[in-house]
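Peer 1: Here it is: the structure, laid out below.
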There are 2 protein chains.
Amino acid sequence: MNIWNGRSIWNARDDHLSINQWATRIDEILEAPDGGEIIYNVDPDDTREYDAIFVGGGAAGRFGSAYLRAMGGRQLIIDRWPFLGGSCPHNACVPHHLFSDCAAELMLARTFSGQYWFPDMTGKRVGIKEIVDLFRAGRNGPHGIMNFQSKEQLNLEYILNCPSNVIDNHTVEAAGKVFKAKNLVLAVGAEPGRLDVPGIDAKGVYDHASLVETLDYEPGDTVVVVGGSKTAVEYGCFFNATGRRTVMLVRTTPLKLIKDRETRKYVLDRMTEQGMEFVEGANVTRIEEDGEGRVKAVVANTPNGEVRIETDFVFLGLGEEPRSAELAKTLGLKLGPKGEVLVNENLQTNVPNVYAVGDLIGGPMEMFKARKSGVYAARNIMGEKIAYTPRDFPDFLHTHYEVSFLGMGEEEARAAGHQVITIKMPPDNENGLNVALPASDRTMMYAFAKPHMSGFQKIVIDANTRKVIGAHHVGYGAKDAFQYLNVLIKDGLTIDQLGDMDELFLNPTHFIQLSRLRAGAKNLVNL
Amino acid sequence: MNIWNGRSIWNARDDHLSINQWATRIDEILEAPDGGEIIYNVDPDDTREYDAIFVGGGAAGRFGSAYLRAMGGRQLIIDRWPFLGGSCPHNACVPHHLFSDCAAELMLARTFSGQYWFPDMTGKRVGIKEIVDLFRAGRNGPHGIMNFQSKEQLNLEYILNCPSNVIDNHTVEAAGKVFKAKNLVLAVGAEPGRLDVPGIDAKGVYDHASLVETLDYEPGDTVVVVGGSKTAVEYGCFFNATGRRTVMLVRTTPLKLIKDRETRKYVLDRMTEQGMEFVEGANVTRIEEDGEGRVKAVVANTPNGEVRIETDFVFLGLGEEPRSAELAKTLGLKLGPKGEVLVNENLQTNVPNVYAVGDLIGGPMEMFKARKSGVYAARNIMGEKIAYTPRDFPDFLHTHYEVSFLGMGEEEARAAGHQVITIKMPPDNENGLNVALPASDRTMMYAFAKPHMSGFQKIVIDANTRKVIGAHHVGYGAKDAFQYLNVLIKDGLTIDQLGDMDELFLNPTHFIQLSRLRAGAKNLVNL
């Protein structure tokens with residue numbers, strides 16, 4: 001069994017590659033013109049039937065596998081790519097983090113252009129392809145870690161760089177071999193949403209995946225982004241920060257997901273200040289080509305009539321669509337209106353012994369949900385009856401800043417009948433944002449030179465119960481905190497408990513100390 | 001009562017200055033050759049006796065006052081400076097944050113020197129004075145907020161820019177007037193530790209306070225830092241990042257407070273990699289002058305004999321000494337071995353009705369302790385019998401990175417009899433640190449180009465109880481999280497609970513998802 005379908009099979013079981021060896025090997029496979037070897041890591045000495053075959057080894061499949069294995073079960077992952085971890089580290093969330101980091105750094109460099117050690121950024125256009133290339137050159141590093149960790153530390157079985165052929169609810173064929181399992185866990189993810197307009201296939205039209213995979217020229221001075229939610233804004237801010245005119249064509253209105261009105265206004269105002277252009281109510285009607293198959297312009301209908309923007313670079317940030325069609329046909333899966341595989345709270349599909357997890361089951365298409373749904377499917381398979389319904393989770397996005405939020409916005413809390421007080425920074429005052437707080441790591445230079453750029457933060461409190469019911473932060477360094485703060489808030493965190501914590505000065509969320517300034521009062525008021 | 005001791009008294013009570021007006025006013029006062037006007041904000045219509053006079057309006061005095069006031073009490077702050085907030089925003093913790101932010105940015109710029117948008121940093125020395133000037137020009141912004149917030153939002157009474165004369169345990173004289181109170185709360189803080197060696201008064205020898213107040217030249221190419229703990233390292237890394245040879249003369253060994261051995265090694269290795277020089281076991285014996293009163297060299301005894309380092313710039317980072325002498329004499333206060341005012345757990349000194357709070361009572365000399373001790377004194381004064389003993393708090397310091405830690409280090413946990421497992425990033429592997437994880441905001445460029453610079457993180461877990469007993473992080477963006485994580489850990493957080501949280505990808509602490517990879521196992525092992 002060394003060759004299948006003309007491709008060689010590497011029996012990886014007894015090889016113990018280092019992380020860097022894995023990275024190199026993955027690189028070679030990805031570069032191989034014939035698709036490269038199949039990575040075959042199956043334990044020949046384990047005679048047990050598989051408890052589950054995970055079809056797809058991205059976040060959901062890999063974490064589900066790890067948990068099932070840790071519980072003592074036997075699993076097999078089959079994935080079409082030569083690495084575990086899925087699209088996230090390959091062409092989705094991880095590159096976006098690099099680009100967003102560059103956006104933050106570039107905003108700083110442009111703000112202090114020619115001062116201190118910063119170069120003169122006047123009219124300076126930074127290479128998009130150059131930064132994409134930085135990512136491409138390094139992405140096999142994380143891939144190497146996933147394969148190494150999964151094999152050497154988590155003791156997972158996997159077949160990679162190999163298509164899987166699902167036969168029925170217990171049977172999958174891969175690398176010319178038939179594998180039987182008590183259960184299947186479908187974890188094949190999603191793919192970028194498409195736009196069905198003339199010219200959409202022109203060269204120069206990208207989504208987050210094709211950008212990383214295929215960008216081979218340096219975009220000109222104008223970028224058009226289609227979309228107005230997380231992905232569109234995250235990439236749009238990066239393109240803007242590189243020094244290009246960036247026009248956001250938004251079907252409705254941007255960043256509706258930020259529910260607190262002041263927070264959202266701060267976020268939008270800062271993007272506008274950086275020169276981003278938003279066209280709301282815009283529906284793209286066609287993409288014009290230059291006669292040689294390259295994009296020349298984007299045309300959209302807007303409330304103010306048709307607009308036409310000349311550009312050689314269009315980015316589609318239209319969300320993700322579950323990759324469900326083929327599996328649904330084979331297995332007879334029930335799908336929801338967005339093509340998502342329908343599952344119950346035990347992650348079971350309508351087909352017995354078939355589970356579905358991750359982006360394949362629809363929103364929220366976030367990493368925690370992918371990983372946790374994989375884990376919860378594993379736990380159900382291993383005999384726990386345990387429900388998973390993501391709710392009350394914290395949320396996050398990048399602009400040039402990091403924007404973290406959880407719970408309710410101020411208006412929402414009032415509408416829900418809470419007696420709301422807010423504690424925020426900057427406080428309401430005659431000088432508005434033009435004051436030197438908040439300050440924190442990564443905003444210190446702004447705090448002293450451009451105060452209004454140093455961030456915005458707010459907690460929403462129910463004055464009767466004294467409980468924190470919402471938190472909102474624009475700045476840097478609060479994302480990690482929101483994970484833990486969310487747990488405390490779900491557990492009933494009050495302003496008094498918050499004010500009694502030990503802050504690490506100068507903490508990016510000033511929530512603890514600001515709460516302490518008010519917590520002495522029986523009747524709470526705004527700060 | 002418009003003039004006292006030749007200085008005019010501004011009755012600020014009925015003026016309602018904006019934050020920016022406050023900043024300007026404070027600036028004028030600080031620049032006034034005669035010391036400027038006294039800021040007199042006392043409520044003439046409140047006829048109640050003061051529950052407490054706070055002698056000193058820094059973190060401890062201001063937060064204590066705010067809490068006491070919020071509880072319905074009456075308070076008065078008297079401070080020698082024309083602003084509330086104390087030394088922290090004026091010449092201590094806040095400027096250090098600006099400098100540390102610059103250190104982080106400069107390390108990034110030097111690492112990517114001449115690449116992408118970064119300037120060629122080869123041999124480039126960045127101005128220390130220039131960055132100190134940035135701070136000086138902006139520091140009245142935070143001052144303005146403190147005065148504004150304290151008066152307009154917190155409704156505090158205060159007399160600023162005015163010496164206080166404590167007469168007895170109920171009486172303080174200020175601005176020519178005698179104030180009576182049921183209690184005194186002493187909150188006069190600490191001052192930088194001195195070094196008693198010949199030449200110490202030479203021009204060019206600074207501590208964190210005098211650096212900000214008096215630096216009037218651009219230091220040359222060599223900096224000598226005396227000390228090896230937080231302050232010394234934080235400033236040392238900044239000086240190093242500006243492109244100067246930086247020699248750290250450490251009496252024992254640097255950063256002993258980081259207890260986890262691997263974490264400490266990572267921190268020290270990165271500093272060394274940036275070119276910092278550490279001389280351990282060094283005792284400074286004298287500072288040589290150039291004949292015109294300026295420092296020329298520092299001489300120290302070391303285990304390898306005497307060293308002499310030529311420099312025009314010496315920084316003393318020797319910790320803080322409580323400013324207790326005068327008050328102890330007046331009131332008959334008992335002091336501890338480091339000059340700290342001794343208090344019981346209700347923050348009471350040995351003198352009836354006299355409380356002491358903040359840095360004046362000794363370590364930990366951290367912001368949370370200052371603020372909370374002020375608050376707890378206020379609560380005791382207002383009739384709550386409530387103990388405050390800081391313990392099990394998270395800790396933090398800057399190098400070029402942010403270093404956050406809480407609970408036990410690995411070795412310490414083993415020594416305490418725990419059955420320890422650790423979960424860390426990078427994992428133990430043949431390539432050591434030269435792998436692309438961890439990655440997170442502000443380390444993404446390192447992760448893809450210089451992986452070993454992208455950070456280090458570890459949680460320490462008791463395998464029997466499954467509880468997290470220590471957490472350690474070097475990177476960026478975890479400081480805020482450690483505040484909340486610490487509460488959860490004190491509350492008994494297990495690996496299972498941690499693994500069940502909702503992470504915000506790509507979170508700087510990878511603790512949640514890494515825990516999830518192990519939590520399925522009954523018998524926990526390292527990751």
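Ordering of the structure tokens sets the chain letters (A, B, ...); residue numbers start at 1 within each chain; ligands are numbered from 1 in the order shown.
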Define the interface residues of chain B facing chain A as those within 6 Å, counting only C-alpha atoms, and report them as a ChimeraX atom specification.

Peer 2: /B:18,66-67,70-71,98,101,119,138,141-142,368,430,436,442,444,448,477,480-481,483-484,502-503,507,517,520-521

Peer 1: Extract, using only C-alpha atoms, all DNA, RNA and protein residues at most 7 Å from Lys129 in chain B, discarding same-chain residues fewer than 5 positions from it, and format them as a list in words.

Peer 2: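 Selected residues are Leu215, Tyr217 and Glu218 of chain B.
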
Peer 1: Please produce an output containing all heavy atoms for each residue in the selection, written as a PDB file, in the first residue's frame.

Peer 2:
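The result, stored in selection22.pdb:
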ATOM      1  N   LEU B 215      15.726  65.895  33.283  1.00  0.00           N
ATOM      2  CA  LEU B 215      16.622  65.549  32.166  1.00  0.00           C
ATOM      3  C   LEU B 215      16.676  66.694  31.157  1.00  0.00           C
ATOM      4  O   LEU B 215      15.654  67.081  30.603  1.00  0.00           O
ATOM      5  CB  LEU B 215      16.159  64.254  31.477  1.00  0.00           C
ATOM      6  CG  LEU B 215      17.079  63.787  30.342  1.00  0.00           C
ATOM      7  CD1 LEU B 215      18.407  63.268  30.893  1.00  0.00           C
ATOM      8  CD2 LEU B 215      16.410  62.712  29.494  1.00  0.00           C
ATOM      9  N   TYR B 217      19.492  66.965  28.725  1.00  0.00           N
ATOM     10  CA  TYR B 217      20.466  66.711  27.657  1.00  0.00           C
ATOM     11  C   TYR B 217      20.185  65.322  27.105  1.00  0.00           C
ATOM     12  O   TYR B 217      19.456  64.523  27.699  1.00  0.00           O
ATOM     13  CB  TYR B 217      21.897  66.802  28.195  1.00  0.00           C
ATOM     14  CG  TYR B 217      22.256  65.683  29.163  1.00  0.00           C
ATOM     15  CD1 TYR B 217      23.036  64.590  28.764  1.00  0.00           C
ATOM     16  CD2 TYR B 217      21.788  65.713  30.474  1.00  0.00           C
ATOM     17  CE1 TYR B 217      23.337  63.568  29.650  1.00  0.00           C
ATOM     18  CE2 TYR B 217      22.092  64.685  31.361  1.00  0.00           C
ATOM     19  CZ  TYR B 217      22.864  63.621  30.954  1.00  0.00           C
ATOM     20  OH  TYR B 217      23.146  62.598  31.832  1.00  0.00           O
ATOM     21  N   GLU B 218      20.772  65.052  25.970  1.00  0.00           N
ATOM     22  CA  GLU B 218      20.597  63.737  25.360  1.00  0.00           C
ATOM     23  C   GLU B 218      21.740  62.837  25.819  1.00  0.00           C
ATOM     24  O   GLU B 218      22.904  63.113  25.513  1.00  0.00           O
ATOM     25  CB  GLU B 218      20.577  63.895  23.839  1.00  0.00           C
ATOM     26  CG  GLU B 218      19.904  62.796  23.070  1.00  0.00           C
ATOM     27  CD  GLU B 218      18.557  62.375  23.629  1.00  0.00           C
ATOM     28  OE1 GLU B 218      17.552  63.058  23.395  1.00  0.00           O
ATOM     29  OE2 GLU B 218      18.527  61.326  24.308  1.00  0.00           O
TER      30      GLU B 218
END

Peer 1: Hey, which of A:Leu160, A:Met425, A:Leu76, A:Leu211 ends up closest to Leu30 in chain A? Count only C-alpha atoms.

Peer 2: A:Leu160

Peer 1: If you run DSSP over the backbone, which residues in range 93-165 of chain B end up strand (DSSP E or B)? Put them as an MDAnalysis selection string.

Peer 2: chainID B and resid 158:160 164:165

Peer 1: If you count only C-alpha atoms, which residues fall within 12 Å of Val223 in chain A, apart from same-chain ones fewer than 4 positions away, as a PyMOL selection string?

Peer 2: chain A and resi 128+204-206+218-219+232+235-249+276-277+295-298+309-316

Peer 1: In range 167-252 of chain A, what's helix (DSSP H, G or I) per DSSP? Answer as JSON, numbers by chain?

Peer 2: {"A": [208, 209, 210, 211, 212, 213, 214, 230, 231, 232, 233, 234, 235, 236, 237, 238, 239, 240, 241]}

Peer 1: If you keep C-alpha atoms, can you produce a file of those selected residues as a PDB file, in the first residue's frame?

Peer 2:
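Output file result-v6.pdb follows:
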ATOM      1  CA  HIS A 208      -9.444  35.854   2.082  1.00  0.00           C
ATOM      2  CA  ALA A 209      -8.488  32.411   0.788  1.00  0.00           C
ATOM      3  CA  SER A 210      -7.571  33.309  -2.780  1.00  0.00           C
ATOM      4  CA  LEU A 211      -5.739  36.425  -1.609  1.00  0.00           C
ATOM      5  CA  VAL A 212      -3.246  34.312   0.296  1.00  0.00           C
ATOM      6  CA  GLU A 213      -3.108  31.540  -2.266  1.00  0.00           C
ATOM      7  CA  THR A 214      -2.847  33.486  -5.486  1.00  0.00           C
ATOM      8  CA  LYS A 230     -15.888  41.436  10.482  1.00  0.00           C
ATOM      9  CA  THR A 231     -13.917  40.058   7.573  1.00  0.00           C
ATOM     10  CA  ALA A 232     -14.564  42.977   5.259  1.00  0.00           C
ATOM     11  CA  VAL A 233     -13.604  45.522   7.911  1.00  0.00           C
ATOM     12  CA  GLU A 234     -10.550  43.614   9.079  1.00  0.00           C
ATOM     13  CA  TYR A 235      -9.091  43.374   5.596  1.00  0.00           C
ATOM     14  CA  GLY A 236     -10.308  46.827   4.631  1.00  0.00           C
ATOM     15  CA  CYS A 237      -8.449  48.433   7.528  1.00  0.00           C
ATOM     16  CA  PHE A 238      -5.287  46.634   6.492  1.00  0.00           C
ATOM     17  CA  PHE A 239      -5.552  47.778   2.893  1.00  0.00           C
ATOM     18  CA  ASN A 240      -6.231  51.310   4.102  1.00  0.00           C
ATOM     19  CA  ALA A 241      -3.250  51.206   6.437  1.00  0.00           C
TER      20      ALA A 241
END

Peer 1: For Phe54 in chain B, find every residue with an atom within 12 Å (counting only C-alpha atoms), except residues of its own chain fewer than 4 positions away, and show them as a PyMOL selection string.

Peer 2: chain B and resi 50+58-66+68-69+74-79+84+156-160+164+166+169-172+179-189+354-358+374-375+377-378+381

Peer 1: For N, CA and C atoms, I'd like the residues from the last selection saved as a short mmCIF file (atom, residue, chain, number, x, y, z; two decimals), in the first residue's frame.

Peer 2:
data_model
loop_
_atom_site.label_atom_id
_atom_site.label_comp_id
_atom_site.auth_asym_id
_atom_site.auth_seq_id
_atom_site.Cartn_x
_atom_site.Cartn_y
_atom_site.Cartn_z
N TYR B 50 -15.39 66.47 59.31
CA TYR B 50 -14.84 65.49 58.36
C TYR B 50 -14.73 64.12 59.01
N GLY B 58 -2.69 60.88 46.30
CA GLY B 58 -2.27 59.95 45.25
C GLY B 58 -3.30 58.84 45.11
N ALA B 59 -2.86 57.73 44.57
CA ALA B 59 -3.78 56.61 44.33
C ALA B 59 -4.53 56.23 45.60
N ALA B 60 -3.81 56.10 46.71
CA ALA B 60 -4.43 55.65 47.95
C ALA B 60 -5.40 56.68 48.51
N GLY B 61 -4.95 57.92 48.58
CA GLY B 61 -5.78 58.97 49.16
C GLY B 61 -6.98 59.29 48.32
N ARG B 62 -6.80 59.28 47.02
CA ARG B 62 -7.91 59.64 46.14
C ARG B 62 -8.97 58.54 46.10
N PHE B 63 -8.54 57.30 45.98
CA PHE B 63 -9.52 56.21 45.95
C PHE B 63 -10.20 56.03 47.30
N GLY B 64 -9.43 56.19 48.38
CA GLY B 64 -10.04 56.12 49.71
C GLY B 64 -11.09 57.21 49.88
N SER B 65 -10.74 58.41 49.44
CA SER B 65 -11.67 59.54 49.52
C SER B 65 -12.93 59.29 48.70
N ALA B 66 -12.73 58.77 47.50
CA ALA B 66 -13.88 58.54 46.62
C ALA B 66 -14.84 57.54 47.26
N LEU B 68 -15.10 56.73 50.51
CA LEU B 68 -15.69 57.28 51.72
C LEU B 68 -16.83 58.23 51.36
N ARG B 69 -16.58 59.04 50.37
CA ARG B 69 -17.59 59.98 49.91
C ARG B 69 -18.81 59.24 49.35
N ARG B 74 -17.83 62.43 54.81
CA ARG B 74 -17.22 63.68 54.36
C ARG B 74 -15.71 63.56 54.48
N GLN B 75 -15.02 63.98 53.47
CA GLN B 75 -13.57 63.84 53.43
C GLN B 75 -12.91 65.09 52.92
N LEU B 76 -11.64 65.21 53.20
CA LEU B 76 -10.83 66.28 52.63
C LEU B 76 -9.47 65.69 52.26
N ILE B 77 -9.02 65.99 51.06
CA ILE B 77 -7.66 65.63 50.65
C ILE B 77 -6.79 66.88 50.71
N ILE B 78 -5.61 66.74 51.25
CA ILE B 78 -4.62 67.82 51.16
C ILE B 78 -3.39 67.25 50.48
N ASP B 79 -2.95 67.89 49.42
CA ASP B 79 -1.78 67.37 48.69
C ASP B 79 -0.84 68.51 48.30
N LEU B 84 -4.39 65.71 41.68
CA LEU B 84 -4.59 64.45 42.39
C LEU B 84 -3.97 63.32 41.57
N LEU B 156 -15.50 65.26 45.49
CA LEU B 156 -14.52 65.28 46.58
C LEU B 156 -14.15 66.72 46.95
N GLU B 157 -13.75 66.88 48.20
CA GLU B 157 -13.17 68.15 48.65
C GLU B 157 -11.66 68.01 48.69
N TYR B 158 -10.98 69.02 48.21
CA TYR B 158 -9.52 68.94 48.23
C TYR B 158 -8.85 70.30 48.27
N ILE B 159 -7.67 70.30 48.86
CA ILE B 159 -6.79 71.47 48.84
C ILE B 159 -5.48 71.00 48.22
N LEU B 160 -5.13 71.58 47.08
CA LEU B 160 -3.96 71.09 46.35
C LEU B 160 -2.90 72.18 46.23
N SER B 164 0.83 70.33 53.97
CA SER B 164 -0.06 70.09 55.11
C SER B 164 0.80 70.00 56.36
N VAL B 166 0.49 68.41 59.90
CA VAL B 166 -0.28 67.56 60.80
C VAL B 166 0.03 67.96 62.23
N ASN B 169 -3.71 63.81 65.92
CA ASN B 169 -4.48 62.79 65.22
C ASN B 169 -5.87 63.22 64.77
N HIS B 170 -6.23 64.45 65.03
CA HIS B 170 -7.51 64.96 64.54
C HIS B 170 -7.35 66.29 63.80
N THR B 171 -6.15 66.75 63.67
CA THR B 171 -5.98 68.15 63.25
C THR B 171 -4.88 68.31 62.20
N VAL B 172 -5.24 68.99 61.15
CA VAL B 172 -4.26 69.30 60.11
C VAL B 172 -4.43 70.77 59.73
N PHE B 179 -8.00 72.34 60.07
CA PHE B 179 -9.08 71.41 59.75
C PHE B 179 -9.13 70.30 60.79
N LYS B 180 -10.33 70.00 61.22
CA LYS B 180 -10.53 68.95 62.22
C LYS B 180 -11.22 67.76 61.57
N ALA B 181 -10.86 66.57 62.00
CA ALA B 181 -11.50 65.38 61.43
C ALA B 181 -11.57 64.29 62.49
N LYS B 182 -12.52 63.40 62.33
CA LYS B 182 -12.60 62.25 63.24
C LYS B 182 -11.37 61.36 63.09
N ASN B 183 -10.85 61.29 61.85
CA ASN B 183 -9.72 60.40 61.57
C ASN B 183 -8.76 61.05 60.58
N LEU B 184 -7.54 60.64 60.66
CA LEU B 184 -6.57 60.98 59.63
C LEU B 184 -6.24 59.73 58.83
N VAL B 185 -6.07 59.90 57.55
CA VAL B 185 -5.54 58.81 56.72
C VAL B 185 -4.26 59.32 56.06
N LEU B 186 -3.17 58.71 56.45
CA LEU B 186 -1.87 59.14 55.92
C LEU B 186 -1.59 58.42 54.61
N ALA B 187 -1.33 59.18 53.59
CA ALA B 187 -1.16 58.60 52.26
C ALA B 187 -0.13 59.40 51.48
N VAL B 188 1.01 59.59 52.11
CA VAL B 188 2.02 60.46 51.47
C VAL B 188 3.01 59.69 50.61
N GLY B 189 2.84 58.36 50.53
CA GLY B 189 3.60 57.62 49.52
C GLY B 189 5.04 57.33 49.88
N VAL B 354 -5.71 57.20 63.54
CA VAL B 354 -4.79 57.48 62.44
C VAL B 354 -4.60 56.20 61.62
N TYR B 355 -4.95 56.28 60.36
CA TYR B 355 -4.77 55.18 59.41
C TYR B 355 -3.61 55.52 58.48
N ALA B 356 -3.02 54.48 57.93
CA ALA B 356 -2.02 54.72 56.89
C ALA B 356 -2.28 53.76 55.74
N VAL B 357 -2.02 54.22 54.55
CA VAL B 357 -2.37 53.46 53.34
C VAL B 357 -1.31 53.70 52.26
N GLY B 358 -1.38 52.87 51.23
CA GLY B 358 -0.53 53.09 50.06
C GLY B 358 0.92 52.69 50.29
N GLY B 374 -6.55 52.31 50.51
CA GLY B 374 -7.30 53.56 50.73
C GLY B 374 -8.78 53.27 50.92
N VAL B 375 -9.31 52.42 50.06
CA VAL B 375 -10.72 52.08 50.13
C VAL B 375 -11.05 51.34 51.44
N ALA B 377 -9.43 51.44 54.26
CA ALA B 377 -9.37 52.38 55.39
C ALA B 377 -10.68 53.16 55.47
N ALA B 378 -11.15 53.61 54.32
CA ALA B 378 -12.41 54.37 54.29
C ALA B 378 -13.57 53.54 54.83
N ILE B 381 -13.34 53.29 58.53
CA ILE B 381 -13.71 54.57 59.13
C ILE B 381 -15.22 54.76 59.13
#

Peer 1: Using only C-alpha atoms, find the one residue out of B:Asp27, B:Met453, B:Ile469, B:Arg251 that sits nearest to Arg414 in chain B.

Peer 2: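 Under the stated criterion, the closest residue is B:Ile469.
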
Peer 1: Find the residue from B:Ile495, B:Ile258, B:Val341, B:Ile53 that sits nearest to Leu360 in chain B; use only C-alpha atoms when measuring.

Peer 2: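 Result for the nearest residue to Leu360 in chain B: B:Val341.
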
Peer 1: In terms of the shortest atom-to-atom distance over only C-alpha atoms, which of B:Ala103, B:Cys88, B:Leu335, B:Ala328 is closest to Met146 in chain B?

Peer 2: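 Among the listed residues, B:Cys88 lies closest to Met146 in chain B.
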
Peer 1: So, with only C-alpha atoms as the atoms that count, which of A:Gly417, A:Pro198, A:Gly336, A:Gly193 lies closest to Glu288 in chain A?

Peer 2: A:Pro198

Peer 1: List the neighbours of Asn11 in chain B out to 10 Å using only C-alpha atoms; skip same-chain residues closer than 4 positions along the sequence, and give me the result as a PyMOL selection string.

Peer 2: chain B and resi 1-2+15+37-42+159
